[in-house]
$ cat start-v2.cif   # mmCIF, C-alpha atoms and all ligand atoms
data_structure
loop_
_atom_site.label_atom_id
_atom_site.label_comp_id
_atom_site.auth_asym_id
_atom_site.auth_seq_id
_atom_site.Cartn_x
_atom_site.Cartn_y
_atom_site.Cartn_z
CA MET E 1 13.28 -11.98 18.28
CA LEU E 2 10.37 -10.60 16.32
CA GLN E 3 7.17 -11.47 18.17
CA LEU E 4 4.04 -10.15 16.53
CA GLY E 5 1.64 -12.40 18.42
CA ARG E 6 1.49 -10.11 21.44
CA PHE E 7 -0.11 -7.25 19.50
CA PRO E 8 -3.91 -7.21 19.31
CA ARG E 9 -5.17 -8.07 15.85
CA VAL E 10 -8.55 -8.71 14.25
CA ARG E 11 -8.68 -11.01 11.24
CA LEU E 12 -9.91 -9.18 8.17
CA GLY E 13 -7.90 -10.63 5.31
CA HIS E 14 -7.20 -13.89 3.54
CA MET E 15 -3.68 -14.64 4.67
CA PRO E 16 -1.13 -15.85 3.76
CA THR E 17 -1.38 -14.31 0.31
CA PRO E 18 0.38 -16.29 -2.44
CA LEU E 19 4.05 -15.75 -3.35
CA GLU E 20 4.27 -16.81 -6.98
CA PRO E 21 6.89 -16.82 -9.75
CA MET E 22 6.32 -14.54 -12.74
CA HIS E 23 7.92 -16.89 -15.29
CA ARG E 24 6.64 -15.20 -18.42
CA LEU E 25 7.52 -11.68 -17.33
CA SER E 26 11.00 -12.85 -16.26
CA ASP E 27 11.47 -14.50 -19.69
CA GLN E 28 10.22 -11.47 -21.54
CA LEU E 29 12.61 -9.16 -19.70
CA GLY E 30 15.54 -11.63 -19.76
CA GLY E 31 15.93 -12.06 -15.98
CA PRO E 32 16.31 -11.69 -12.98
CA LYS E 33 13.92 -14.17 -11.34
CA LEU E 34 10.78 -12.14 -10.72
CA TRP E 35 8.23 -13.11 -8.08
CA ILE E 36 4.98 -11.52 -7.03
CA LYS E 37 3.55 -11.31 -3.52
CA ARG E 38 -0.20 -11.15 -4.11
CA ASP E 39 -1.31 -8.61 -1.52
CA ASP E 40 -3.93 -7.54 -4.04
CA CYS E 41 -5.58 -10.79 -2.89
CA THR E 42 -6.06 -9.92 0.79
CA GLY E 43 -9.75 -10.36 0.12
CA LEU E 44 -11.33 -7.37 1.82
CA ALA E 45 -13.79 -5.91 -0.74
CA THR E 46 -11.23 -6.30 -3.58
CA GLY E 47 -8.27 -6.33 -1.21
CA GLY E 48 -4.99 -4.44 -1.11
CA ASN E 49 -2.22 -3.54 1.29
CA LYS E 50 -4.31 -1.54 3.76
CA THR E 51 -6.03 -4.73 4.94
CA ARG E 52 -2.94 -5.90 6.84
CA LYS E 53 -2.55 -2.52 8.54
CA LEU E 54 -6.23 -2.37 9.42
CA GLU E 55 -6.02 -5.71 11.22
CA TYR E 56 -3.89 -3.98 13.87
CA LEU E 57 -5.49 -0.53 13.70
CA VAL E 58 -9.05 -1.80 14.06
CA ALA E 59 -8.02 -4.05 16.96
CA ASP E 60 -6.69 -0.93 18.67
CA ALA E 61 -9.94 0.94 17.89
CA LEU E 62 -12.02 -1.88 19.40
CA GLN E 63 -9.84 -1.96 22.52
CA GLN E 64 -10.52 1.75 22.93
CA GLY E 65 -14.26 1.17 22.65
CA ALA E 66 -14.68 3.02 19.36
CA ASP E 67 -17.89 2.67 17.35
CA THR E 68 -16.90 4.80 14.33
CA LEU E 69 -13.81 4.57 12.12
CA ILE E 70 -12.73 7.81 10.50
CA THR E 71 -10.02 8.08 7.89
CA LEU E 72 -8.86 10.34 5.08
CA GLY E 73 -7.43 10.10 1.58
CA ALA E 74 -7.78 11.01 -2.08
CA LEU E 75 -11.18 10.53 -3.77
CA GLN E 76 -10.00 7.18 -5.17
CA SER E 77 -8.26 6.09 -1.95
CA ASN E 78 -7.88 2.33 -1.71
CA HIS E 79 -7.19 2.79 1.99
CA ALA E 80 -10.52 4.56 2.51
CA ARG E 81 -12.36 1.75 0.69
CA GLN E 82 -10.68 -0.98 2.77
CA THR E 83 -11.45 0.98 5.95
CA ALA E 84 -15.12 1.19 4.90
CA ALA E 85 -15.07 -2.57 4.32
CA ALA E 86 -13.45 -3.30 7.70
CA ALA E 87 -16.11 -1.16 9.41
CA ALA E 88 -18.93 -2.92 7.55
CA LYS E 89 -17.57 -6.35 8.46
CA LEU E 90 -17.32 -5.49 12.16
CA GLY E 91 -20.56 -3.53 12.44
CA LEU E 92 -18.84 -0.18 13.00
CA LYS E 93 -19.77 3.12 11.41
CA CYS E 94 -17.37 4.74 8.98
CA VAL E 95 -16.72 8.33 7.94
CA LEU E 96 -14.37 8.96 5.00
CA VAL E 97 -12.85 12.40 4.51
CA LEU E 98 -11.95 12.55 0.83
CA GLU E 99 -9.82 15.13 -0.94
CA ASP E 100 -10.15 16.14 -4.57
CA ARG E 101 -6.40 15.70 -5.06
CA VAL E 102 -6.25 15.17 -8.81
CA THR E 103 -6.75 18.19 -11.07
CA GLN E 104 -9.30 17.83 -13.85
CA PRO E 105 -10.80 14.55 -12.65
CA THR E 106 -13.07 12.73 -15.09
CA ASP E 107 -16.59 11.50 -14.45
CA ALA E 108 -15.24 8.00 -13.90
CA TYR E 109 -12.79 9.34 -11.31
CA ARG E 110 -15.58 11.05 -9.42
CA HIS E 111 -18.07 8.20 -9.39
CA ASN E 112 -16.60 4.83 -10.32
CA GLY E 113 -13.88 2.62 -8.84
CA ASN E 114 -13.30 2.97 -5.11
CA LEU E 115 -16.00 5.62 -4.71
CA LEU E 116 -18.66 3.25 -6.00
CA LEU E 117 -17.46 0.67 -3.48
CA ASP E 118 -17.27 3.18 -0.57
CA ARG E 119 -20.95 3.91 -1.11
CA LEU E 120 -21.91 0.24 -1.43
CA LEU E 121 -20.06 -0.49 1.81
CA GLY E 122 -22.21 2.06 3.61
CA ALA E 123 -19.56 4.66 4.45
CA HIS E 124 -20.50 8.26 5.09
CA LEU E 125 -18.50 10.45 2.66
CA LYS E 126 -17.27 13.99 3.33
CA TYR E 127 -15.62 15.87 0.50
CA VAL E 128 -12.85 18.40 1.08
CA PRO E 129 -11.57 20.79 -1.59
CA ARG E 130 -8.05 20.40 -2.92
CA ASP E 131 -5.34 21.91 -0.69
CA ALA E 132 -7.66 22.30 2.33
CA SER E 133 -6.28 20.85 5.57
CA MET E 134 -7.19 17.18 5.65
CA SER E 135 -6.22 16.68 9.27
CA THR E 136 -8.45 19.57 10.35
CA ALA E 137 -11.31 18.05 8.36
CA ALA E 138 -10.74 14.64 9.99
CA GLU E 139 -10.63 16.22 13.47
CA GLN E 140 -13.86 18.06 12.67
CA ALA E 141 -15.47 14.78 11.59
CA ALA E 142 -14.37 13.20 14.89
CA GLU E 143 -15.83 16.13 16.82
CA ASP E 144 -19.14 15.73 14.96
CA VAL E 145 -19.26 12.04 15.90
CA ARG E 146 -18.51 12.84 19.56
CA ARG E 147 -21.18 15.50 19.65
CA ALA E 148 -23.70 12.97 18.37
CA GLY E 149 -22.74 10.64 21.22
CA GLY E 150 -20.45 8.34 19.22
CA ARG E 151 -16.89 7.18 19.85
CA PRO E 152 -14.62 7.97 16.90
CA TYR E 153 -11.23 6.43 16.14
CA VAL E 154 -9.18 8.37 13.60
CA ILE E 155 -6.91 6.29 11.38
CA PRO E 156 -4.10 8.32 9.77
CA GLY E 157 -3.83 8.58 5.99
CA GLY E 158 -2.85 5.23 4.50
CA GLY E 159 -3.06 3.66 7.97
CA SER E 160 0.60 4.58 8.34
CA ASN E 161 1.71 4.73 11.94
CA ALA E 162 3.65 2.24 14.08
CA VAL E 163 0.48 0.21 14.75
CA GLY E 164 -0.52 -0.07 11.09
CA ALA E 165 3.04 -0.83 9.98
CA LEU E 166 2.92 -4.04 12.04
CA GLY E 167 0.83 -5.46 9.21
CA TYR E 168 3.85 -5.23 6.91
CA VAL E 169 6.22 -6.61 9.51
CA GLY E 170 3.89 -9.60 9.35
CA CYS E 171 3.99 -9.63 5.56
CA ALA E 172 7.82 -9.63 5.61
CA LEU E 173 7.88 -12.63 7.95
CA GLU E 174 5.22 -14.39 5.85
CA MET E 175 7.30 -13.91 2.67
CA LEU E 176 10.50 -15.19 4.28
CA HIS E 177 8.66 -18.28 5.44
CA GLN E 178 7.17 -18.86 1.97
CA ALA E 179 10.53 -18.35 0.25
CA SER E 180 12.12 -20.85 2.55
CA ASP E 181 9.33 -23.38 1.81
CA LEU E 182 9.94 -22.79 -1.90
CA GLY E 183 13.66 -23.39 -1.39
CA THR E 184 14.57 -19.92 -2.56
CA ARG E 185 15.96 -16.72 -1.07
CA ILE E 186 14.72 -13.17 -1.49
CA ASP E 187 17.37 -10.68 -2.61
CA HIS E 188 15.21 -7.65 -3.37
CA VAL E 189 11.68 -6.47 -2.63
CA VAL E 190 10.15 -3.75 -4.83
CA HIS E 191 6.80 -2.01 -4.28
CA ALA E 192 4.91 1.28 -4.51
CA THR E 193 5.46 3.63 -1.57
CA GLY E 194 3.06 6.42 -0.58
CA SER E 195 2.30 7.07 3.08
CA SER E 196 5.35 4.88 3.97
CA GLY E 197 3.79 2.30 6.29
CA THR E 198 4.24 -0.58 3.89
CA GLN E 199 7.92 0.11 3.38
CA ALA E 200 8.66 0.89 7.04
CA GLY E 201 6.97 -2.36 8.08
CA LEU E 202 8.69 -4.46 5.41
CA ILE E 203 12.12 -3.09 6.33
CA ALA E 204 11.49 -3.61 10.05
CA GLY E 205 10.46 -7.22 9.38
CA LEU E 206 13.25 -8.06 6.93
CA GLU E 207 15.97 -6.33 8.99
CA GLY E 208 14.60 -7.59 12.28
CA ALA E 209 14.81 -11.12 10.88
CA ARG E 210 18.34 -10.41 9.51
CA SER E 211 17.17 -11.66 6.12
CA GLY E 212 19.66 -9.79 3.96
CA ALA E 213 16.85 -8.77 1.57
CA ARG E 214 16.79 -5.13 0.42
CA VAL E 215 13.62 -3.11 -0.06
CA LEU E 216 13.17 -0.52 -2.81
CA GLY E 217 10.11 1.75 -2.73
CA ILE E 218 8.98 3.44 -5.92
CA THR E 219 7.41 6.75 -4.91
CA VAL E 220 3.99 7.73 -6.25
CA GLY E 221 4.18 11.50 -5.80
CA ARG E 222 6.91 12.58 -3.42
CA PRO E 223 10.55 13.41 -4.11
CA ARG E 224 13.06 10.88 -2.89
CA ASP E 225 14.55 12.82 0.08
CA ASN E 226 11.18 13.68 1.50
CA GLN E 227 9.95 10.09 1.10
CA GLU E 228 13.07 8.53 2.61
CA ARG E 229 12.78 10.85 5.61
CA ASN E 230 9.17 9.77 6.17
CA ILE E 231 10.06 6.09 5.84
CA ALA E 232 13.06 6.40 8.20
CA ARG E 233 10.97 8.17 10.85
CA LEU E 234 8.22 5.56 10.72
CA LEU E 235 10.78 2.75 10.63
CA ASP E 236 12.30 4.04 13.90
CA GLU E 237 8.84 4.26 15.50
CA THR E 238 7.92 0.77 14.31
CA TRP E 239 11.24 -0.65 15.51
CA ALA E 240 10.64 0.87 18.96
CA HIS E 241 7.03 -0.34 19.02
CA LEU E 242 8.32 -3.87 18.32
CA GLY E 243 10.70 -3.50 21.25
CA LEU E 244 13.72 -4.38 19.10
CA ALA E 245 17.15 -3.41 20.40
CA GLY E 246 19.29 -0.72 18.80
CA ALA E 247 18.16 1.09 15.68
CA PRO E 248 17.67 -0.10 12.13
CA SER E 249 20.29 1.04 9.65
CA ARG E 250 19.45 4.22 7.72
CA ASP E 251 21.15 2.47 4.83
CA ALA E 252 18.18 0.10 4.53
CA VAL E 253 15.87 2.96 3.50
CA GLU E 254 15.77 3.48 -0.26
CA ALA E 255 13.18 5.17 -2.45
CA ASN E 256 13.24 5.97 -6.17
CA ASP E 257 11.24 8.95 -7.41
CA GLY E 258 11.85 8.43 -11.11
CA TYR E 259 8.50 6.93 -12.07
CA PHE E 260 5.52 8.90 -10.80
CA GLY E 261 5.63 11.40 -13.65
CA GLU E 262 3.90 14.74 -13.34
CA ALA E 263 2.18 14.16 -10.00
CA TYR E 264 0.25 11.78 -7.77
CA GLY E 265 -2.56 10.03 -9.63
CA ILE E 266 -1.65 11.37 -13.08
CA PRO E 267 -1.14 8.52 -15.58
CA THR E 268 2.23 8.08 -17.33
CA PRO E 269 2.98 6.20 -20.58
CA ALA E 270 5.30 3.83 -18.69
CA MET E 271 2.54 3.04 -16.19
CA LYS E 272 0.16 2.17 -19.02
CA GLU E 273 2.81 -0.01 -20.66
CA ALA E 274 3.43 -1.81 -17.36
CA VAL E 275 -0.28 -2.39 -16.72
CA ASP E 276 -0.62 -3.73 -20.29
CA ILE E 277 2.40 -6.05 -20.21
CA VAL E 278 1.62 -7.57 -16.83
CA ALA E 279 -2.03 -8.14 -17.76
CA ARG E 280 -1.03 -9.86 -21.01
CA VAL E 281 1.84 -12.03 -19.82
CA GLU E 282 0.83 -12.79 -16.22
CA ALA E 283 -2.94 -12.10 -16.11
CA VAL E 284 -2.24 -9.86 -13.13
CA LEU E 285 -4.14 -6.58 -12.91
CA LEU E 286 -2.16 -3.61 -11.64
CA ASP E 287 -3.55 -0.19 -10.78
CA PRO E 288 -2.87 3.23 -12.36
CA VAL E 289 -1.82 5.16 -9.22
CA TYR E 290 0.45 2.79 -7.28
CA SER E 291 1.30 -0.71 -8.48
CA GLY E 292 1.32 0.29 -12.17
CA LYS E 293 3.91 3.02 -11.56
CA ALA E 294 5.92 0.74 -9.27
CA MET E 295 5.94 -1.97 -11.94
CA ALA E 296 6.99 0.61 -14.53
CA GLY E 297 9.95 1.28 -12.24
CA LEU E 298 10.77 -2.39 -11.80
CA ILE E 299 10.61 -3.07 -15.55
CA ASP E 300 12.85 -0.09 -16.31
CA LEU E 301 15.39 -1.03 -13.63
CA VAL E 302 15.49 -4.61 -14.94
CA ARG E 303 16.08 -3.32 -18.46
CA LYS E 304 18.90 -1.14 -17.13
CA GLY E 305 20.55 -4.17 -15.48
CA ARG E 306 20.06 -3.06 -11.91
CA PHE E 307 19.59 -6.70 -10.74
CA ALA E 308 21.85 -9.70 -11.40
CA LYS E 309 20.31 -12.45 -13.57
CA ASP E 310 20.37 -15.02 -10.78
CA GLU E 311 18.85 -12.74 -8.14
CA ASN E 312 15.31 -13.18 -6.83
CA VAL E 313 13.23 -10.02 -6.90
CA VAL E 314 9.81 -9.95 -5.26
CA PHE E 315 7.29 -7.37 -6.45
CA VAL E 316 4.76 -6.76 -3.68
CA HIS E 317 1.44 -6.18 -5.44
CA THR E 318 -0.22 -3.72 -3.07
CA GLY E 319 -3.61 -3.86 -4.84
CA GLY E 320 -5.71 -1.01 -6.12
CA GLN E 321 -7.36 -2.64 -9.16
CA ALA E 322 -10.68 -1.00 -8.33
CA GLY E 323 -8.91 2.20 -9.42
CA LEU E 324 -8.69 0.85 -13.00
CA PHE E 325 -12.40 1.54 -13.43
CA ALA E 326 -11.95 5.13 -12.26
CA TYR E 327 -9.24 5.60 -14.90
CA GLU E 328 -11.06 4.00 -17.81
CA PRO E 329 -10.62 7.09 -20.03
CA ALA E 330 -6.83 6.94 -19.54
CA PHE E 331 -6.74 3.39 -20.94
CA ALA E 332 -9.11 3.99 -23.82
CA ALA E 333 -7.16 3.59 -27.09
C1 LIG H 1 -1.73 2.88 -0.16
C2 LIG H 1 -1.22 2.11 -1.32
C3 LIG H 1 0.16 1.96 -1.54
C4 LIG H 1 1.21 2.63 -0.71
O1 LIG H 1 1.37 2.06 0.55
P1 LIG H 1 1.87 2.99 1.76
O2 LIG H 1 1.91 2.11 2.92
O3 LIG H 1 0.86 4.09 1.86
O4 LIG H 1 3.21 3.54 1.39
C5 LIG H 1 0.58 1.18 -2.60
N1 LIG H 1 -0.33 0.60 -3.42
C6 LIG H 1 -1.65 0.74 -3.26
C7 LIG H 1 -2.55 0.09 -4.24
C8 LIG H 1 -2.14 1.50 -2.20
O5 LIG H 1 -3.47 1.64 -2.06
#
$ encode --input "start-v2.cif" --output "structure tokens" --more "lines below"
Ligand SMILES: *Cc1c(COP(=O)(O)O)cnc(C)c1O
Amino acid sequence: MLQLGRFPRVRLGHMPTPLEPMHRLSDQLGGPKLWIKRDDCTGLATGGNKTRKLEYLVADALQQGADTLITLGALQSNHARQTAAAAAKLGLKCVLVLEDRVTQPTDAYRHNGNLLLDRLLGAHLKYVPRDASMSTAAEQAAEDVRRAGGRPYVIPGGGSNAVGALGYVGCALEMLHQASDLGTRIDHVVHATGSSGTQAGLIAGLEGARSGARVLGITVGRPRDNQERNIARLLDETWAHLGLAGAPSRDAVEANDGYFGEAYGIPTPAMKEAVDIVARVEAVLLDPVYSGKAMAGLIDLVRKGRFAKDENVVFVHTGGQAGLFAYEPAFAA
């Protein structure tokens, strides 16, 4: 039995997020039945998937008596922005260690989008050059906080460890419940996968509940083998943390690396097409780095007939719209 209630959690998000049909997109593509799980609507300073993870991570930080949250990511990290928001909401301090990961960033990339919000939310920002060690920089930031008499809690990149992944075990259970209320079943779940916590949590939840639903992660920068290894490792850790018997099947771990293009954070024509289509037919805003590339993958796989017409496919919208404003030049006609 999957029992999430025994893990400490602080409420940060607006849950449950809606599970809605995408009728017009399904019609336009000629099936299958496409649904969207609106985790862009988790509500925490423009929302996104890190909110669910932070509910468990921040509870752990509070239990340990921390007064400062530290995390790391790319300049336009949605995870960093949601961490800054969680800290603001709970009266904690926040240090963000941000890496210049994208070559030739524009002015918008450096100042708008998530960075604008990080500053508004009162986070302290530390910039690290590209290819420098991020974990060393985060450890250094923690040491600085300790030396000043504070109590740091370091959250891993993307909030992806067995504690953070619990948030997506919860999301899996939430979706199954909603599908059952809607009188439907979920055959496939598709979403963007980066630091792996979302996918590891979703698989643990869907497998743990014996739902029969399959999860497909569209990678945003890593080759498939590498990504699947990361997901499998975190899935095992999450499974053990949940106290479930046996081990989840390796067969449940599937990533597709065909849609991120040149590299992490670099726009692709298919991403722009996906962002355009979904805005125009569903009034849903995707983001350029994660959900836009994942949707490009879903659209292409639908066109190639990967799913049967009568199957139900849920796209988990992991958020990131604030990133649109950082990529304005990429969308300019
Ligand atoms: C972090 C992020 C993801 C990837 O989730 P992981 O748990 O890191 O794999 C997907 N979409 C958005 C918008 C994100 O910010």
$ closest_residue --input "start-v2.cif" --among "E:Glu282, E:Asp310, E:Asp131, E:Glu174" --to "E:Pro21" --atoms "all atoms listed in the file"
E:Glu282
$ closest_residue --input "start-v2.cif" --among "E:Arg110, E:Pro223, E:Leu96, E:Leu4" --to "E:Ala80" --atoms "all atoms listed in the file"
E:Leu96
$ atom_distance --input "start-v2.cif" --atom1 "atom CA of E:Ala172" --atom2 "atom CA of E:Pro32"
20.5 Å
$ closest_atom_pairs --input "start-v2.cif" --of "chain E" --to "ligand LIG 1 (chain H)" --cutoff "6 Å" --atoms "only C-alpha atoms and all ligand atoms" --output "CSV"
residue,atom,partner,partner_atom,distance
E:Asn78,CA,H:LIG1,O5,4.5
E:His79,CA,H:LIG1,O5,5.6
E:Gly158,CA,H:LIG1,O3,4.7
E:Ala192,CA,H:LIG1,C5,4.7
E:Thr193,CA,H:LIG1,O4,3.7
E:Gly194,CA,H:LIG1,O4,3.5
E:Ser195,CA,H:LIG1,O3,3.5
E:Ser196,CA,H:LIG1,O4,3.6
E:Gly197,CA,H:LIG1,O2,3.9
E:Thr198,CA,H:LIG1,O2,3.7
E:Tyr290,CA,H:LIG1,N1,4.5
E:Ser291,CA,H:LIG1,N1,5.5
E:Thr318,CA,H:LIG1,N1,4.3
E:Gly319,CA,H:LIG1,C7,4.1
E:Gly320,CA,H:LIG1,C7,3.8
$ closest_residue --input "start-v2.cif" --among "E:Ala108, E:Ala270, E:Val95, E:Val281" --to "E:Tyr127" --atoms "all atoms listed in the file"
E:Val95
$ residues_around --input "start-v2.cif" --residues "E:Glu328" --least-positions-apart "6" --cutoff "12 Å" --atoms "only C-alpha atoms" --output "PyMOL selection string"
chain E and resi 105-113+267+272+287-288+321-322
$ closest_residue --input "start-v2.cif" --among "E:Ala296, E:Ala332, E:Leu173, E:Leu324" --to "E:Pro16" --atoms "only C-alpha atoms"
E:Leu173
$ atom_distance --input "start-v2.cif" --atom1 "atom CA of E:Leu286" --atom2 "atom CA of E:Ala45"
16.1 Å
$ residues_around --input "start-v2.cif" --residues "E:Thr51" --least-positions-apart "3" --cutoff "7 Å" --atoms "all atoms listed in the file" --output "JSON, numbers by chain"
{"E": [12, 13, 42, 44, 47, 48, 54, 55, 82]}
$ build_atoms --input "start-v2.cif" --residues "stretch 88-97 of chain E" --atoms "all heavy atoms" --output "tab-separated table (two decimals), in the frame of the given file"
chain	number	residue	atom	x	y	z
E	88	ALA	N	-17.72	-2.17	7.88
E	88	ALA	CA	-18.93	-2.92	7.55
E	88	ALA	C	-18.86	-4.32	8.15
E	88	ALA	O	-19.82	-4.81	8.76
E	88	ALA	CB	-19.12	-2.98	6.03
E	89	LYS	N	-17.72	-4.96	8.00
E	89	LYS	CA	-17.57	-6.35	8.46
E	89	LYS	C	-17.72	-6.47	9.97
E	89	LYS	O	-18.19	-7.48	10.48
E	89	LYS	CB	-16.18	-6.85	8.02
E	89	LYS	CG	-15.97	-8.34	8.10
E	89	LYS	CD	-14.61	-8.68	7.48
E	89	LYS	CE	-14.17	-10.09	7.79
E	89	LYS	NZ	-14.88	-11.09	6.99
E	90	LEU	N	-17.30	-5.42	10.70
E	90	LEU	CA	-17.32	-5.49	12.16
E	90	LEU	C	-18.51	-4.75	12.77
E	90	LEU	O	-18.60	-4.62	13.98
E	90	LEU	CB	-16.01	-4.95	12.72
E	90	LEU	CG	-14.79	-5.80	12.31
E	90	LEU	CD1	-13.49	-5.07	12.62
E	90	LEU	CD2	-14.82	-7.15	13.01
E	91	GLY	N	-19.39	-4.22	11.92
E	91	GLY	CA	-20.56	-3.53	12.44
E	91	GLY	C	-20.24	-2.18	13.04
E	91	GLY	O	-20.92	-1.72	13.96
E	92	LEU	N	-19.19	-1.53	12.55
E	92	LEU	CA	-18.84	-0.18	13.00
E	92	LEU	C	-19.34	0.83	11.97
E	92	LEU	O	-19.55	0.48	10.81
E	92	LEU	CB	-17.32	-0.05	13.15
E	92	LEU	CG	-16.65	-1.03	14.10
E	92	LEU	CD1	-15.13	-0.99	13.93
E	92	LEU	CD2	-17.03	-0.71	15.55
E	93	LYS	N	-19.47	2.08	12.38
E	93	LYS	CA	-19.77	3.12	11.41
E	93	LYS	C	-18.47	3.61	10.80
E	93	LYS	O	-17.40	3.42	11.37
E	93	LYS	CB	-20.49	4.29	12.09
E	93	LYS	CG	-21.88	3.92	12.57
E	93	LYS	CD	-22.56	5.17	13.11
E	93	LYS	CE	-23.69	4.75	14.05
E	93	LYS	NZ	-23.49	5.22	15.42
E	94	CYS	N	-18.58	4.27	9.65
E	94	CYS	CA	-17.37	4.74	8.98
E	94	CYS	C	-17.60	6.09	8.33
E	94	CYS	O	-18.58	6.28	7.61
E	94	CYS	CB	-16.95	3.72	7.92
E	94	CYS	SG	-15.46	4.18	7.05
E	95	VAL	N	-16.69	7.03	8.61
E	95	VAL	CA	-16.72	8.33	7.94
E	95	VAL	C	-15.43	8.47	7.14
E	95	VAL	O	-14.33	8.30	7.69
E	95	VAL	CB	-16.81	9.50	8.96
E	95	VAL	CG1	-16.85	10.84	8.22
E	95	VAL	CG2	-18.02	9.33	9.87
E	96	LEU	N	-15.55	8.76	5.85
E	96	LEU	CA	-14.37	8.96	5.00
E	96	LEU	C	-14.26	10.42	4.61
E	96	LEU	O	-15.21	11.00	4.07
E	96	LEU	CB	-14.49	8.10	3.74
E	96	LEU	CG	-14.63	6.59	3.97
E	96	LEU	CD1	-14.79	5.87	2.64
E	96	LEU	CD2	-13.44	6.04	4.75
E	97	VAL	N	-13.12	11.02	4.89
E	97	VAL	CA	-12.85	12.40	4.51
E	97	VAL	C	-12.01	12.35	3.24
E	97	VAL	O	-10.86	11.88	3.26
E	97	VAL	CB	-12.11	13.14	5.65
E	97	VAL	CG1	-11.76	14.56	5.24
E	97	VAL	CG2	-12.97	13.13	6.92
